[in-house]
Amino acid sequence: MVNLQTPHSGYQWDGTSQRFFEGWYYRVTLPADNQTFAFMYSIEDPAGGTPHSGGAAQILGPDDSYLCRTFPATDRFWGWRDALGLGHWGKTDLNTPPLYLEPAEFEHHIQEGYQGTATWHQGILRDPGSGNLAQWQYEIKPVYGWGNTGSPQQSTAGWLSYFPIFEPGWQILMAHGLATGWIDWNGRRYEFTDAPAYSEKNWGRSFPQKWFWLNCNCFDNEPDLALTAGGGRRGVLWWMESVAMIGLHYQGKFYEFVPWNSQVSWKIEPWGNWQMQARNAHYAIELTGTTDRAGTPLRAPTEQGLIFCCRDTMHGQLSLQLSELSAGQSQPILKATSSVCGLETGGGPWEETWHSS
């Protein structure tokens, strides 16, 4: 796994008492069930003592159903500095500082909480109001990090993301992996072997104003294909800029369309339609994501704390075309479709279609 570890995989908080958040996203898609589970973890103002201090776990479950639990005690959160590893303990009979537990120990001692690494993910959440319960344990075999197979893995935002110039930071931790284990959702147990899995994170002292996102690694008849695309208005030193990128892993090769090597354009409606195009000297790509579902409101860290400010579906329709450019000609390399694409819009305002390039 060492050669697949991406930059920024470790916990980024430097001990500051200034406003700070970090968020992680784990996802597994179950093709046989046509369902997806997305797990979203966050910690805000980890030093404690502010109105926004605390952590949360959210799950977007079957048919875009939703479960959320908060973890107010920041001293019950842990994160590894040098690798992907994090967890938060809620109800437990342990009085020790929090740390990674062997899976059987976690199951025995943690009545509510979660833990995740690059190769393992488990947890249990209860909603006392509705009585809903989610419990999960699965192993992860990473396939693609963020970059070409066999090459050093890349920062999602390029080398500048090593400095706090761009806020927030964003890193795809694993563009594609294979998950084996089980998830219990309100008494229904889903068991899976080598199901498509994904993970990413973001962090910083300031928050994006507005953003969009498309993500899929479960395509029709294309098991070796993973897409992550997105854009937003983010802070750069003392000004705001609109940026977007598309990253594609296919048959061992990484196709990257980012502002410093490509022209990227987009047309995103407030909800229902996502269109992106990009081209560089060698390749061109077109994406169209659509949904007729209402989507599910999700919470995200903001200047005002963790509030409902984005909308997601894991049942988006996606069409993708990748072409090679040579001598003024465009030759299609790949056409692919999916009906389990993750689609999101967040922040605002979203009163009209967002065109940019």
# chains A, B, ... in the order shown; residues from 1 in each chain; ligands from 1

$ closest_atom_pairs --of "range 228-291 of chain A" --to "range 215-222 of chain A" --cutoff "10 Å" --atoms "only C-alpha atoms" --output "tab-separated table"
residue	atom	partner	partner_atom	distance
A:Thr228	CA	A:Asn215	CA	4.5
A:Ala229	CA	A:Asn215	CA	6.3
A:Gly230	CA	A:Asn215	CA	8.4
A:Ile246	CA	A:Asn215	CA	9.8
A:Gly247	CA	A:Asn215	CA	9.7
A:Leu248	CA	A:Asn217	CA	9.6
A:His249	CA	A:Asn217	CA	9.2
A:Tyr250	CA	A:Glu222	CA	9.0
A:Gln251	CA	A:Glu222	CA	9.7
A:Gly289	CA	A:Asn215	CA	9.8

$ write_last_selection --atoms "all heavy atoms" --output "short mmCIF file (atom, residue, chain, number, x, y, z; two decimals), in the first residue's frame"
data_model
loop_
_atom_site.label_atom_id
_atom_site.label_comp_id
_atom_site.auth_asym_id
_atom_site.auth_seq_id
_atom_site.Cartn_x
_atom_site.Cartn_y
_atom_site.Cartn_z
N THR A 228 -13.31 10.98 -11.07
CA THR A 228 -13.66 12.00 -10.09
C THR A 228 -13.52 13.36 -10.76
O THR A 228 -12.49 13.65 -11.37
CB THR A 228 -12.77 11.96 -8.84
OG1 THR A 228 -12.89 10.68 -8.23
CG2 THR A 228 -13.18 13.02 -7.84
N ALA A 229 -14.55 14.18 -10.68
CA ALA A 229 -14.53 15.52 -11.28
C ALA A 229 -15.24 16.47 -10.34
O ALA A 229 -16.15 16.09 -9.62
CB ALA A 229 -15.22 15.50 -12.64
N GLY A 230 -14.81 17.71 -10.37
CA GLY A 230 -15.47 18.69 -9.51
C GLY A 230 -14.91 20.06 -9.72
O GLY A 230 -13.91 20.26 -10.43
N ILE A 246 -10.89 17.30 -13.82
CA ILE A 246 -11.41 15.98 -14.12
C ILE A 246 -10.23 15.02 -14.03
O ILE A 246 -9.17 15.27 -14.61
CB ILE A 246 -12.03 15.90 -15.53
CG1 ILE A 246 -13.20 16.87 -15.67
CG2 ILE A 246 -12.48 14.47 -15.85
CD1 ILE A 246 -13.73 17.01 -17.09
N GLY A 247 -10.40 13.93 -13.30
CA GLY A 247 -9.38 12.89 -13.21
C GLY A 247 -9.98 11.54 -13.55
O GLY A 247 -11.06 11.19 -13.06
N LEU A 248 -9.29 10.79 -14.41
CA LEU A 248 -9.80 9.50 -14.88
C LEU A 248 -8.70 8.46 -14.80
O LEU A 248 -7.58 8.69 -15.29
CB LEU A 248 -10.28 9.64 -16.33
CG LEU A 248 -11.09 8.50 -16.93
CD1 LEU A 248 -12.51 8.54 -16.39
CD2 LEU A 248 -11.12 8.61 -18.45
N HIS A 249 -8.97 7.34 -14.16
CA HIS A 249 -8.06 6.20 -14.16
C HIS A 249 -8.68 5.11 -15.04
O HIS A 249 -9.83 4.73 -14.82
CB HIS A 249 -7.85 5.66 -12.75
CG HIS A 249 -7.08 6.58 -11.86
ND1 HIS A 249 -7.65 7.66 -11.23
CD2 HIS A 249 -5.77 6.57 -11.48
CE1 HIS A 249 -6.72 8.28 -10.50
NE2 HIS A 249 -5.58 7.64 -10.63
N TYR A 250 -7.90 4.62 -15.98
CA TYR A 250 -8.41 3.61 -16.93
C TYR A 250 -7.26 2.74 -17.41
O TYR A 250 -6.28 3.23 -17.96
CB TYR A 250 -9.08 4.32 -18.12
CG TYR A 250 -9.67 3.38 -19.16
CD1 TYR A 250 -10.61 2.41 -18.80
CD2 TYR A 250 -9.30 3.49 -20.49
CE1 TYR A 250 -11.16 1.57 -19.75
CE2 TYR A 250 -9.85 2.65 -21.46
CZ TYR A 250 -10.78 1.69 -21.08
OH TYR A 250 -11.32 0.85 -22.03
N GLN A 251 -7.38 1.44 -17.13
CA GLN A 251 -6.40 0.44 -17.59
C GLN A 251 -4.97 0.84 -17.21
O GLN A 251 -4.06 0.79 -18.04
CB GLN A 251 -6.55 0.21 -19.09
CG GLN A 251 -7.90 -0.38 -19.44
CD GLN A 251 -8.06 -0.71 -20.93
OE1 GLN A 251 -7.24 -0.31 -21.75
NE2 GLN A 251 -9.11 -1.45 -21.25
N GLY A 289 -23.78 14.30 -16.48
CA GLY A 289 -24.46 13.63 -15.38
C GLY A 289 -25.86 14.20 -15.24
O GLY A 289 -26.06 15.42 -15.32
#

$ residues_around --residues "range 80-82 of chain A" --least-positions-apart "5" --cutoff "12 Å" --atoms "only C-alpha atoms" --output "PyMOL selection string"
chain A and resi 2+5-15+87+98-100+115-118

$ write_last_selection --atoms "all heavy atoms" --output "compact mmCIF listing (two decimals), in the first residue's frame"
# COMPACT_ATOMS: atom_id res chain seq x y z
N VAL A 2 2.16 1.12 0.40
CA VAL A 2 3.00 2.30 0.56
C VAL A 2 3.08 3.09 -0.75
O VAL A 2 2.98 4.31 -0.78
CB VAL A 2 4.41 1.90 1.04
CG1 VAL A 2 5.33 3.10 1.05
CG2 VAL A 2 4.34 1.27 2.42
N GLN A 5 -0.02 5.26 -1.38
CA GLN A 5 -0.42 6.33 -0.46
C GLN A 5 -0.27 7.67 -1.15
O GLN A 5 0.78 7.99 -1.70
CB GLN A 5 0.39 6.30 0.83
CG GLN A 5 0.05 7.49 1.73
CD GLN A 5 0.41 7.25 3.17
OE1 GLN A 5 0.07 6.22 3.75
NE2 GLN A 5 1.10 8.20 3.77
N THR A 6 -1.32 8.47 -1.11
CA THR A 6 -1.30 9.78 -1.74
C THR A 6 -0.76 10.82 -0.78
O THR A 6 -0.78 10.63 0.44
CB THR A 6 -2.72 10.17 -2.18
OG1 THR A 6 -3.58 10.08 -1.06
CG2 THR A 6 -3.22 9.26 -3.28
N PRO A 7 -0.28 11.96 -1.31
CA PRO A 7 0.08 13.06 -0.41
C PRO A 7 -1.13 13.48 0.43
O PRO A 7 -2.27 13.26 0.04
CB PRO A 7 0.48 14.18 -1.39
CG PRO A 7 0.84 13.48 -2.66
CD PRO A 7 -0.04 12.26 -2.71
N HIS A 8 -0.85 14.07 1.56
CA HIS A 8 -1.88 14.64 2.45
C HIS A 8 -2.78 13.56 3.06
O HIS A 8 -3.85 13.88 3.57
CB HIS A 8 -2.75 15.66 1.72
CG HIS A 8 -1.97 16.63 0.88
ND1 HIS A 8 -1.07 17.51 1.41
CD2 HIS A 8 -1.95 16.83 -0.46
CE1 HIS A 8 -0.53 18.22 0.45
NE2 HIS A 8 -1.03 17.83 -0.70
N SER A 9 -2.36 12.28 3.02
CA SER A 9 -3.21 11.23 3.58
C SER A 9 -3.36 11.35 5.10
O SER A 9 -4.37 10.93 5.66
CB SER A 9 -2.65 9.85 3.23
OG SER A 9 -2.80 9.57 1.86
N GLY A 10 -2.37 11.90 5.76
CA GLY A 10 -2.41 12.02 7.21
C GLY A 10 -3.28 13.18 7.68
O GLY A 10 -3.68 14.05 6.90
N TYR A 11 -3.56 13.17 8.96
CA TYR A 11 -4.38 14.20 9.61
C TYR A 11 -3.64 15.54 9.54
O TYR A 11 -2.47 15.63 9.94
CB TYR A 11 -4.62 13.76 11.06
CG TYR A 11 -5.51 14.61 11.90
CD1 TYR A 11 -6.57 15.34 11.38
CD2 TYR A 11 -5.31 14.66 13.29
CE1 TYR A 11 -7.40 16.10 12.19
CE2 TYR A 11 -6.13 15.42 14.12
CZ TYR A 11 -7.17 16.13 13.56
OH TYR A 11 -7.98 16.88 14.38
N GLN A 12 -4.30 16.59 9.07
CA GLN A 12 -3.64 17.85 8.75
C GLN A 12 -3.63 18.88 9.88
O GLN A 12 -2.90 19.87 9.80
CB GLN A 12 -4.33 18.50 7.53
CG GLN A 12 -4.29 17.65 6.28
CD GLN A 12 -2.89 17.55 5.69
OE1 GLN A 12 -2.21 18.54 5.51
NE2 GLN A 12 -2.45 16.33 5.41
N TRP A 13 -4.43 18.68 10.91
CA TRP A 13 -4.52 19.70 11.97
C TRP A 13 -3.17 19.87 12.65
O TRP A 13 -2.53 18.89 13.05
CB TRP A 13 -5.58 19.30 12.98
CG TRP A 13 -5.77 20.30 14.08
CD1 TRP A 13 -6.02 21.63 13.95
CD2 TRP A 13 -5.74 20.04 15.49
NE1 TRP A 13 -6.15 22.22 15.18
CE2 TRP A 13 -5.98 21.26 16.15
CE3 TRP A 13 -5.54 18.89 16.25
CZ2 TRP A 13 -6.03 21.37 17.53
CZ3 TRP A 13 -5.59 18.99 17.63
CH2 TRP A 13 -5.83 20.22 18.26
N ASP A 14 -2.73 21.13 12.80
CA ASP A 14 -1.41 21.42 13.36
C ASP A 14 -1.49 21.89 14.81
O ASP A 14 -0.50 22.43 15.34
CB ASP A 14 -0.67 22.44 12.51
CG ASP A 14 -1.41 23.78 12.43
OD1 ASP A 14 -2.44 23.93 13.13
OD2 ASP A 14 -0.95 24.66 11.69
N GLY A 15 -2.63 21.72 15.44
CA GLY A 15 -2.77 22.13 16.82
C GLY A 15 -3.28 23.54 17.01
O GLY A 15 -3.45 23.99 18.14
N GLY A 87 -10.58 8.02 13.55
CA GLY A 87 -11.72 7.42 14.22
C GLY A 87 -12.28 8.36 15.26
O GLY A 87 -11.63 9.33 15.67
N PRO A 98 -8.29 7.82 22.72
CA PRO A 98 -8.75 7.05 21.56
C PRO A 98 -7.59 6.70 20.63
O PRO A 98 -6.64 7.46 20.49
CB PRO A 98 -9.74 8.01 20.88
CG PRO A 98 -9.29 9.37 21.28
CD PRO A 98 -8.75 9.23 22.67
N LEU A 99 -7.70 5.54 20.00
CA LEU A 99 -6.69 5.07 19.06
C LEU A 99 -7.30 3.96 18.22
O LEU A 99 -8.42 3.50 18.49
CB LEU A 99 -5.45 4.56 19.81
CG LEU A 99 -5.51 3.19 20.51
CD1 LEU A 99 -4.12 2.79 20.99
CD2 LEU A 99 -6.49 3.17 21.66
N TYR A 100 -6.55 3.52 17.21
CA TYR A 100 -7.03 2.42 16.38
C TYR A 100 -7.10 1.14 17.22
O TYR A 100 -6.18 0.82 17.96
CB TYR A 100 -6.10 2.20 15.18
CG TYR A 100 -6.51 1.03 14.33
CD1 TYR A 100 -7.53 1.17 13.39
CD2 TYR A 100 -5.90 -0.21 14.47
CE1 TYR A 100 -7.94 0.10 12.62
CE2 TYR A 100 -6.31 -1.29 13.70
CZ TYR A 100 -7.33 -1.13 12.77
OH TYR A 100 -7.73 -2.20 12.02
N GLN A 115 -14.05 3.80 12.79
CA GLN A 115 -12.62 3.91 12.52
C GLN A 115 -12.36 3.49 11.08
O GLN A 115 -13.05 2.62 10.54
CB GLN A 115 -11.78 3.09 13.50
CG GLN A 115 -12.02 1.59 13.47
CD GLN A 115 -11.12 0.85 14.48
OE1 GLN A 115 -10.51 1.45 15.38
NE2 GLN A 115 -11.02 -0.46 14.32
N GLY A 116 -11.38 4.14 10.45
CA GLY A 116 -11.07 3.84 9.06
C GLY A 116 -9.60 4.04 8.78
O GLY A 116 -8.97 4.95 9.33
N THR A 117 -9.03 3.19 7.93
CA THR A 117 -7.67 3.34 7.43
C THR A 117 -7.73 3.16 5.91
O THR A 117 -8.82 3.14 5.32
CB THR A 117 -6.73 2.29 8.03
OG1 THR A 117 -7.05 0.99 7.50
CG2 THR A 117 -6.82 2.26 9.56
N ALA A 118 -6.57 3.03 5.28
CA ALA A 118 -6.55 2.80 3.84
C ALA A 118 -7.05 1.41 3.47
O ALA A 118 -7.45 1.17 2.33
CB ALA A 118 -5.14 3.00 3.30

$ residues_around --residues "Pro332 in chain A" --least-positions-apart "2" --cutoff "7 Å" --atoms "only C-alpha atoms" --output "short mmCIF file (atom, residue, chain, number, x, y, z; two decimals) with C-alpha atoms, in the first residue's frame"
data_model
loop_
_atom_site.label_atom_id
_atom_site.label_comp_id
_atom_site.auth_asym_id
_atom_site.auth_seq_id
_atom_site.Cartn_x
_atom_site.Cartn_y
_atom_site.Cartn_z
CA LEU A 322 -12.56 10.12 -23.75
CA SER A 323 -10.76 10.86 -27.02
CA GLU A 324 -7.17 11.08 -28.17
CA SER A 330 -10.11 13.26 -32.49
CA LEU A 334 -13.55 5.13 -24.45
#

$ closest_residue --among "A:Gly305, A:Gly347, A:Gly147, A:Gly181" --to "Asp45 in chain A" --atoms "only C-alpha atoms"
A:Gly305

$ closest_atom_pairs --of "range 311-345 of chain A" --to "range 291-298 of chain A" --cutoff "12 Å" --atoms "only C-alpha atoms" --output "CSV"
residue,atom,partner,partner_atom,distance
A:Arg311,CA,A:Pro297,CA,4.4
A:Asp312,CA,A:Gly295,CA,5.1
A:Thr313,CA,A:Gly295,CA,4.8
A:Met314,CA,A:Gly295,CA,8.4
A:His315,CA,A:Thr291,CA,7.2
A:Gly316,CA,A:Thr291,CA,5.0
A:Gln317,CA,A:Thr291,CA,6.1
A:Leu318,CA,A:Thr291,CA,9.0
A:Ser319,CA,A:Thr291,CA,12.0
A:Ser338,CA,A:Thr291,CA,11.7
A:Ser339,CA,A:Thr291,CA,9.3
A:Val340,CA,A:Thr291,CA,10.2
A:Cys341,CA,A:Thr291,CA,9.5
A:Gly342,CA,A:Thr291,CA,10.0
A:Leu343,CA,A:Thr291,CA,8.3
A:Glu344,CA,A:Gly295,CA,8.5
A:Thr345,CA,A:Pro297,CA,9.9

$ write_last_selection --atoms "all heavy atoms" --output "compact mmCIF listing (two decimals), in the first residue's frame"
# COMPACT_ATOMS: atom_id res chain seq x y z
N ARG A 311 -26.44 18.96 -1.60
CA ARG A 311 -27.45 17.98 -2.00
C ARG A 311 -26.76 16.91 -2.85
O ARG A 311 -25.96 17.22 -3.72
CB ARG A 311 -28.54 18.69 -2.81
CG ARG A 311 -29.68 17.80 -3.28
CD ARG A 311 -30.77 18.62 -3.97
NE ARG A 311 -31.40 19.55 -3.04
CZ ARG A 311 -32.42 19.24 -2.25
NH1 ARG A 311 -32.94 18.03 -2.28
NH2 ARG A 311 -32.93 20.14 -1.44
N ASP A 312 -27.09 15.65 -2.54
CA ASP A 312 -26.43 14.53 -3.22
C ASP A 312 -27.43 13.48 -3.66
O ASP A 312 -28.47 13.28 -3.03
CB ASP A 312 -25.45 13.84 -2.26
CG ASP A 312 -24.16 14.57 -2.08
OD1 ASP A 312 -24.18 15.72 -1.61
OD2 ASP A 312 -23.12 13.99 -2.41
N THR A 313 -27.04 12.77 -4.72
CA THR A 313 -27.64 11.49 -5.06
C THR A 313 -26.54 10.54 -5.45
O THR A 313 -25.51 10.96 -5.99
CB THR A 313 -28.68 11.59 -6.18
OG1 THR A 313 -29.23 10.28 -6.42
CG2 THR A 313 -28.07 12.10 -7.48
N MET A 314 -26.74 9.26 -5.15
CA MET A 314 -25.81 8.22 -5.59
C MET A 314 -26.43 7.42 -6.74
O MET A 314 -25.94 6.35 -7.07
CB MET A 314 -25.46 7.29 -4.42
CG MET A 314 -24.62 7.97 -3.37
SD MET A 314 -22.98 8.41 -3.98
CE MET A 314 -22.77 10.00 -3.20
N HIS A 315 -27.49 7.95 -7.32
CA HIS A 315 -28.18 7.26 -8.42
C HIS A 315 -28.19 8.12 -9.68
O HIS A 315 -29.16 8.11 -10.43
CB HIS A 315 -29.61 6.90 -7.99
CG HIS A 315 -29.65 5.86 -6.91
ND1 HIS A 315 -29.66 4.52 -7.17
CD2 HIS A 315 -29.66 5.99 -5.55
CE1 HIS A 315 -29.69 3.85 -6.02
NE2 HIS A 315 -29.68 4.72 -5.04
N GLY A 316 -27.12 8.86 -9.90
CA GLY A 316 -27.03 9.69 -11.10
C GLY A 316 -26.74 8.86 -12.34
O GLY A 316 -26.09 7.82 -12.29
N GLN A 317 -27.26 9.34 -13.46
CA GLN A 317 -26.94 8.76 -14.77
C GLN A 317 -25.72 9.50 -15.31
O GLN A 317 -25.69 10.73 -15.30
CB GLN A 317 -28.11 8.92 -15.74
CG GLN A 317 -29.43 8.36 -15.25
CD GLN A 317 -29.43 6.85 -15.18
OE1 GLN A 317 -28.86 6.18 -16.04
NE2 GLN A 317 -30.07 6.31 -14.16
N LEU A 318 -24.73 8.77 -15.78
CA LEU A 318 -23.51 9.40 -16.28
C LEU A 318 -23.14 8.84 -17.65
O LEU A 318 -23.20 7.63 -17.87
CB LEU A 318 -22.35 9.14 -15.31
CG LEU A 318 -20.99 9.70 -15.74
CD1 LEU A 318 -20.97 11.21 -15.65
CD2 LEU A 318 -19.86 9.11 -14.91
N SER A 319 -22.78 9.72 -18.56
CA SER A 319 -22.16 9.30 -19.82
C SER A 319 -20.82 10.01 -19.94
O SER A 319 -20.69 11.19 -19.58
CB SER A 319 -23.05 9.60 -21.02
OG SER A 319 -23.23 10.98 -21.17
N SER A 338 -23.02 4.86 -16.67
CA SER A 338 -23.32 4.33 -15.35
C SER A 338 -24.65 4.87 -14.87
O SER A 338 -25.05 5.97 -15.26
CB SER A 338 -22.23 4.72 -14.33
OG SER A 338 -22.58 4.28 -13.02
N SER A 339 -25.33 4.11 -14.01
CA SER A 339 -26.57 4.58 -13.38
C SER A 339 -26.40 4.72 -11.87
O SER A 339 -27.37 4.90 -11.15
CB SER A 339 -27.72 3.61 -13.69
OG SER A 339 -27.40 2.32 -13.22
N VAL A 340 -25.15 4.64 -11.39
CA VAL A 340 -24.87 4.78 -9.95
C VAL A 340 -23.74 5.80 -9.76
O VAL A 340 -22.81 5.58 -8.98
CB VAL A 340 -24.52 3.43 -9.28
CG1 VAL A 340 -25.77 2.60 -9.07
CG2 VAL A 340 -23.48 2.66 -10.07
N CYS A 341 -23.85 6.92 -10.44
CA CYS A 341 -22.87 8.00 -10.30
C CYS A 341 -23.25 8.89 -9.13
O CYS A 341 -24.42 9.22 -8.94
CB CYS A 341 -22.81 8.82 -11.59
SG CYS A 341 -21.66 10.21 -11.52
N GLY A 342 -22.28 9.29 -8.35
CA GLY A 342 -22.50 10.27 -7.30
C GLY A 342 -22.50 11.67 -7.88
O GLY A 342 -21.59 12.05 -8.63
N LEU A 343 -23.54 12.45 -7.57
CA LEU A 343 -23.67 13.82 -8.06
C LEU A 343 -23.97 14.73 -6.88
O LEU A 343 -24.77 14.38 -6.01
CB LEU A 343 -24.81 13.91 -9.08
CG LEU A 343 -24.66 13.09 -10.37
CD1 LEU A 343 -25.96 13.12 -11.16
CD2 LEU A 343 -23.50 13.60 -11.21
N GLU A 344 -23.35 15.93 -6.89
CA GLU A 344 -23.54 16.84 -5.77
C GLU A 344 -23.45 18.29 -6.25
O GLU A 344 -22.67 18.61 -7.13
CB GLU A 344 -22.45 16.60 -4.72
CG GLU A 344 -22.49 17.55 -3.52
CD GLU A 344 -21.41 17.22 -2.51
OE1 GLU A 344 -20.27 17.70 -2.65
OE2 GLU A 344 -21.72 16.46 -1.56
N THR A 345 -24.26 19.15 -5.63
CA THR A 345 -24.04 20.59 -5.68
C THR A 345 -24.06 21.09 -4.24
O THR A 345 -24.77 20.55 -3.39
CB THR A 345 -25.10 21.34 -6.51
OG1 THR A 345 -26.40 21.08 -5.97
CG2 THR A 345 -25.06 20.93 -7.97

$ atom_distance --atom1 "CA of Ser42 in chain A" --atom2 "CA of Trp89 in chain A"
12.9 Å

$ select_by_dssp --residues "range 192-312 of chain A" --states "strand (DSSP E or B)" --output "PyMOL selection string"
chain A and resi 192-204+210-216+219+222+225-236+239-250+253-257+263-268+273-279+283-290+296-302+305-312

$ closest_residue --among "A:Pro128, A:Gly123, A:Pro208, A:Pro270" --to "Ser242 in chain A" --atoms "only C-alpha atoms"
A:Pro208

$ residues_around --residues "range 183-188 of chain A" --least-positions-apart "4" --cutoff "6 Å" --atoms "only C-alpha atoms" --output "list in words"
Asn132, Leu133, Ala134, Gln135 and Trp136 of chain A

$ residues_around --residues "Ala32 in chain A" --least-positions-apart "6" --cutoff "12 Å" --atoms "only C-alpha atoms" --output "PyMOL selection string"
chain A and resi 190-196+218+340

$ write_last_selection --atoms "N, CA and C atoms" --output "PDB file, in the first residue's frame"
ATOM      1  N   TYR A 190     -26.147  -6.374   4.011  1.00  0.00           N
ATOM      2  CA  TYR A 190     -25.584  -6.423   2.659  1.00  0.00           C
ATOM      3  C   TYR A 190     -24.177  -7.023   2.764  1.00  0.00           C
ATOM      4  N   GLU A 191     -23.959  -8.142   2.088  1.00  0.00           N
ATOM      5  CA  GLU A 191     -22.626  -8.742   2.058  1.00  0.00           C
ATOM      6  C   GLU A 191     -22.052  -8.569   0.661  1.00  0.00           C
ATOM      7  N   PHE A 192     -20.759  -8.330   0.568  1.00  0.00           N
ATOM      8  CA  PHE A 192     -20.167  -8.027  -0.736  1.00  0.00           C
ATOM      9  C   PHE A 192     -18.716  -8.484  -0.791  1.00  0.00           C
ATOM     10  N   THR A 193     -18.272  -8.781  -1.989  1.00  0.00           N
ATOM     11  CA  THR A 193     -16.892  -9.182  -2.264  1.00  0.00           C
ATOM     12  C   THR A 193     -16.382  -8.362  -3.443  1.00  0.00           C
ATOM     13  N   ASP A 194     -15.260  -7.701  -3.254  1.00  0.00           N
ATOM     14  CA  ASP A 194     -14.623  -6.892  -4.308  1.00  0.00           C
ATOM     15  C   ASP A 194     -15.586  -5.865  -4.912  1.00  0.00           C
ATOM     16  N   ALA A 195     -16.335  -5.188  -4.050  1.00  0.00           N
ATOM     17  CA  ALA A 195     -17.230  -4.113  -4.507  1.00  0.00           C
ATOM     18  C   ALA A 195     -16.416  -2.840  -4.720  1.00  0.00           C
ATOM     19  N   PRO A 196     -16.762  -2.022  -5.723  1.00  0.00           N
ATOM     20  CA  PRO A 196     -16.017  -0.785  -5.974  1.00  0.00           C
ATOM     21  C   PRO A 196     -16.052   0.153  -4.763  1.00  0.00           C
ATOM     22  N   CYS A 218     -18.083   2.652 -10.851  1.00  0.00           N
ATOM     23  CA  CYS A 218     -18.897   1.463 -11.108  1.00  0.00           C
ATOM     24  C   CYS A 218     -19.640   1.709 -12.421  1.00  0.00           C
ATOM     25  N   VAL A 340     -25.147   4.636 -11.388  1.00  0.00           N
ATOM     26  CA  VAL A 340     -24.866   4.784  -9.954  1.00  0.00           C
ATOM     27  C   VAL A 340     -23.740   5.800  -9.756  1.00  0.00           C
TER      28      VAL A 340
END

$ select_by_dssp --residues "range 34-126 of chain A" --states "alpha helix (DSSP H)" --output "list in words"
Pro103, Ala104, Glu105, Phe106, Glu107, His108 and His109 of chain A

$ closest_residue --among "A:Asp127, A:Glu44, A:Phe71, A:Pro152" --to "Thr302 in chain A" --atoms "only C-alpha atoms"
A:Glu44

$ residues_around --residues "Glu256 in chain A" --least-positions-apart "4" --cutoff "12 Å" --atoms "only C-alpha atoms" --output "JSON, numbers by chain"
{"A": [146, 147, 148, 154, 155, 156, 157, 158, 226, 227, 228, 229, 244, 245, 246, 247, 248, 249, 250, 260, 261, 262, 263, 264, 278, 279, 280, 281, 282, 283, 284, 285, 322]}

$ residues_around --residues "range 19-27 of chain A" --least-positions-apart "4" --cutoff "6 Å" --atoms "only C-alpha atoms" --output "PyMOL selection string"
chain A and resi 37-45+197-205

$ closest_residue --among "A:Gln58, A:Asn273, A:Gln137, A:Ser151" --to "Glu352 in chain A" --atoms "only C-alpha atoms"
A:Asn273
